[in-house]
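These notes concern the structure reproduced below.
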Amino acid sequence: MNELIDIVTPTPPSWMPKTVGWLVVGVVLLVGVLWLAWRTARRWYANRFRRAALRELAALQQTADSAERATLLLSLAELLKRLALAQWPRHSVAALSGPAWRDFLHTHAGGAGDAVPALAALIDDAEYRGAATLAQWPEAQLRATLGACRIWIAGYRHDAHDGHDGYDDHL
């Protein structure tokens with residue numbers, strides 16, 4: 001029995017790559033993942049106003065049956081204006097009304113351009129005709145306007161090159 005020799009286990013292989021190429025690939029992949037995470041976080045942060053507006057719109061839609069129609073429609077017009085004020089420079093949005101406000105909504109509609117005609121009726125009636133006209137809106141027009149607001153809020157385009165990223169304002 002004295003002739004038995006203990007089993008010698010080899011040293012475990014190193015996890016370090018043997019060539020520099022694998023290190024370069026690893027660094028490039030790490031940089032790519034970090035860049036993608038940064039862009040995702042920045043996009044999520046930039047869309048916080050959109051998410052808040054959609055939550056407020058959902059709350060308004062829940063009260064659509066019980067709320068006074070004119071108050072609801074005026075709240076929709078106010079929501080659109082507050083969202084625009086939060087996303088674009090105040091000096092370029094605050095004074096807009098009527099056709100200029102309608103053009104602004106159309107210009108920044110992005111993929112939501114089909115929603116602008118329904119919003120134009122809201123803008124005209126809210127600004128020029130008042131609560132009495134809004135109270136007489138038919139149910140179908142109210143529902144179409146609520147849908148158009150949702151489409152515009154979800155699809156508007158905010159260009160980063162306009163000099164304002166909306167990060168310092170609040171909805």
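Labels for the structure tokens follow display order: chains A, B, ..., residues from 1 in each chain, ligands from 1.
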Practice task
For segment 70-78 of chain A, work out the shell of residues within 8 Å, counting only C-alpha atoms and skipping chain neighbours fewer than 3 positions away, then give it as a list of chain:residue names.
Solution key: A:Leu57, A:Leu60, A:Ala64, A:Ala67, A:Lys81, A:Arg82, A:Leu122, A:Ile123, A:Ala126, A:Ala131, A:Ala132, A:Thr133, A:Leu134, A:Ala135, A:Leu142, A:Leu146, A:Cys149
* DSSP-assigned alpha helix (DSSP H) members of segment 35-112 of chain A, reported as a VMD selection string -> chain A and resid 35 to 46 48 to 62 69 to 87 90 to 93 98 to 107
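Residue nearest Ala52 of chain A within the list A:Ala148, A:Met16, A:Ile7, A:Leu80: A:Leu80 [criterion: smallest interatomic distance, only C-alpha atoms].
What separates atom CA of Trp137 of chain A from atom CA of Ser97 of chain A is a distance of 20.9 Å.
Atom to atom, atom CA of Ala95 of chain A and atom CA of Asp125 of chain A stand 17.6 Å apart.
The space separating atom CA of Arg90 of chain A from atom CA of Gly113 of chain A comes to 22.7 Å.
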For Asp114 of chain A, the closest of A:Gln136, A:Asn2, A:Ser92, A:Thr145 counting only C-alpha atoms is A:Thr145
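Using only C-alpha atoms, the protein and nucleic acid residues lying no more than 9 Å from Leu83 of chain A, apart from those fewer than 4 places from it along its own chain, are Phe49, Arg50, Ala53, Glu78, Leu79, Gln87, Trp88, Ile153, His170 and Leu171 of chain A.
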Could you dump the residues just selected with all heavy atoms as an mmCIF file, in the first residue's frame?
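The result, written out as again20.cif:
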```cif
data_model
loop_
_atom_site.group_PDB
_atom_site.id
_atom_site.type_symbol
_atom_site.label_atom_id
_atom_site.label_comp_id
_atom_site.auth_asym_id
_atom_site.auth_seq_id
_atom_site.Cartn_x
_atom_site.Cartn_y
_atom_site.Cartn_z
ATOM 1 N N PHE A 49 -43.104 63.623 -18.791
ATOM 2 C CA PHE A 49 -44.242 64.520 -18.979
ATOM 3 C C PHE A 49 -45.349 63.821 -19.753
ATOM 4 O O PHE A 49 -46.528 63.985 -19.462
ATOM 5 C CB PHE A 49 -43.816 65.794 -19.705
ATOM 6 C CG PHE A 49 -42.842 66.620 -18.929
ATOM 7 C CD1 PHE A 49 -41.572 66.859 -19.417
ATOM 8 C CD2 PHE A 49 -43.184 67.151 -17.705
ATOM 9 C CE1 PHE A 49 -40.665 67.615 -18.706
ATOM 10 C CE2 PHE A 49 -42.289 67.917 -16.978
ATOM 11 C CZ PHE A 49 -41.030 68.145 -17.480
ATOM 12 N N ARG A 50 -44.960 63.047 -20.744
ATOM 13 C CA ARG A 50 -45.932 62.300 -21.542
ATOM 14 C C ARG A 50 -46.669 61.303 -20.647
ATOM 15 O O ARG A 50 -47.896 61.186 -20.719
ATOM 16 C CB ARG A 50 -45.208 61.576 -22.681
ATOM 17 C CG ARG A 50 -46.111 60.907 -23.675
ATOM 18 C CD ARG A 50 -45.323 60.095 -24.699
ATOM 19 N NE ARG A 50 -44.195 60.776 -25.260
ATOM 20 C CZ ARG A 50 -44.174 61.358 -26.453
ATOM 21 N NH1 ARG A 50 -45.240 61.343 -27.205
ATOM 22 N NH2 ARG A 50 -43.088 61.944 -26.894
ATOM 23 N N ALA A 53 -49.067 63.177 -18.343
ATOM 24 C CA ALA A 53 -50.233 63.674 -19.082
ATOM 25 C C ALA A 53 -51.182 62.535 -19.415
ATOM 26 O O ALA A 53 -52.416 62.707 -19.345
ATOM 27 C CB ALA A 53 -49.782 64.396 -20.351
ATOM 28 N N GLU A 78 -56.607 72.597 -21.439
ATOM 29 C CA GLU A 78 -55.585 73.033 -20.479
ATOM 30 C C GLU A 78 -54.455 72.005 -20.376
ATOM 31 O O GLU A 78 -53.273 72.369 -20.309
ATOM 32 C CB GLU A 78 -56.227 73.227 -19.111
ATOM 33 C CG GLU A 78 -55.252 73.629 -18.032
ATOM 34 C CD GLU A 78 -55.890 73.651 -16.660
ATOM 35 O OE1 GLU A 78 -57.124 73.808 -16.556
ATOM 36 O OE2 GLU A 78 -55.144 73.503 -15.680
ATOM 37 N N LEU A 79 -54.802 70.726 -20.387
ATOM 38 C CA LEU A 79 -53.794 69.667 -20.315
ATOM 39 C C LEU A 79 -52.838 69.739 -21.505
ATOM 40 O O LEU A 79 -51.614 69.644 -21.335
ATOM 41 C CB LEU A 79 -54.469 68.301 -20.262
ATOM 42 C CG LEU A 79 -53.556 67.075 -20.296
ATOM 43 C CD1 LEU A 79 -52.652 67.043 -19.077
ATOM 44 C CD2 LEU A 79 -54.380 65.809 -20.394
ATOM 45 N N GLN A 87 -42.726 70.966 -22.278
ATOM 46 C CA GLN A 87 -41.798 70.384 -23.232
ATOM 47 C C GLN A 87 -41.075 71.393 -24.117
ATOM 48 O O GLN A 87 -39.984 71.115 -24.590
ATOM 49 C CB GLN A 87 -42.529 69.394 -24.130
ATOM 50 C CG GLN A 87 -42.934 68.132 -23.419
ATOM 51 C CD GLN A 87 -41.750 67.268 -23.089
ATOM 52 O OE1 GLN A 87 -41.027 67.509 -22.128
ATOM 53 N NE2 GLN A 87 -41.521 66.262 -23.878
ATOM 54 N N TRP A 88 -41.673 72.537 -24.373
ATOM 55 C CA TRP A 88 -41.069 73.523 -25.259
ATOM 56 C C TRP A 88 -40.866 74.828 -24.501
ATOM 57 O O TRP A 88 -41.513 75.067 -23.476
ATOM 58 C CB TRP A 88 -41.964 73.751 -26.477
ATOM 59 C CG TRP A 88 -41.919 72.612 -27.444
ATOM 60 C CD1 TRP A 88 -41.003 72.419 -28.428
ATOM 61 C CD2 TRP A 88 -42.808 71.491 -27.500
ATOM 62 N NE1 TRP A 88 -41.275 71.253 -29.100
ATOM 63 C CE2 TRP A 88 -42.378 70.660 -28.555
ATOM 64 C CE3 TRP A 88 -43.929 71.109 -26.767
ATOM 65 C CZ2 TRP A 88 -43.017 69.480 -28.890
ATOM 66 C CZ3 TRP A 88 -44.568 69.927 -27.097
ATOM 67 C CH2 TRP A 88 -44.109 69.124 -28.153
ATOM 68 N N ILE A 153 -50.954 63.052 -27.359
ATOM 69 C CA ILE A 153 -50.021 62.980 -26.225
ATOM 70 C C ILE A 153 -49.069 61.802 -26.397
ATOM 71 O O ILE A 153 -47.868 61.916 -26.156
ATOM 72 C CB ILE A 153 -50.789 62.886 -24.898
ATOM 73 C CG1 ILE A 153 -51.504 64.214 -24.620
ATOM 74 C CG2 ILE A 153 -49.855 62.539 -23.751
ATOM 75 C CD1 ILE A 153 -52.496 64.157 -23.466
ATOM 76 N N HIS A 170 -42.058 71.552 -15.030
ATOM 77 C CA HIS A 170 -42.953 70.540 -14.468
ATOM 78 C C HIS A 170 -44.305 70.641 -15.124
ATOM 79 O O HIS A 170 -44.762 71.705 -15.458
ATOM 80 C CB HIS A 170 -43.105 70.731 -12.953
ATOM 81 C CG HIS A 170 -41.798 70.629 -12.244
ATOM 82 N ND1 HIS A 170 -41.153 69.441 -12.064
ATOM 83 C CD2 HIS A 170 -40.989 71.571 -11.706
ATOM 84 C CE1 HIS A 170 -40.016 69.646 -11.415
ATOM 85 N NE2 HIS A 170 -39.899 70.941 -11.207
ATOM 86 N N LEU A 171 -44.939 69.487 -15.279
ATOM 87 C CA LEU A 171 -46.266 69.440 -15.866
ATOM 88 C C LEU A 171 -47.228 69.919 -14.832
ATOM 89 O O LEU A 171 -48.134 70.540 -14.897
ATOM 90 C CB LEU A 171 -46.599 68.005 -16.282
ATOM 91 C CG LEU A 171 -47.906 67.785 -16.995
ATOM 92 C CD1 LEU A 171 -47.916 68.525 -18.318
ATOM 93 C CD2 LEU A 171 -48.148 66.334 -17.215
#
```
From the list A:Leu23, A:Gly130, A:Arg150, A:Ala120, the nearest residue to Glu56 of chain A using only C-alpha atoms is A:Arg150
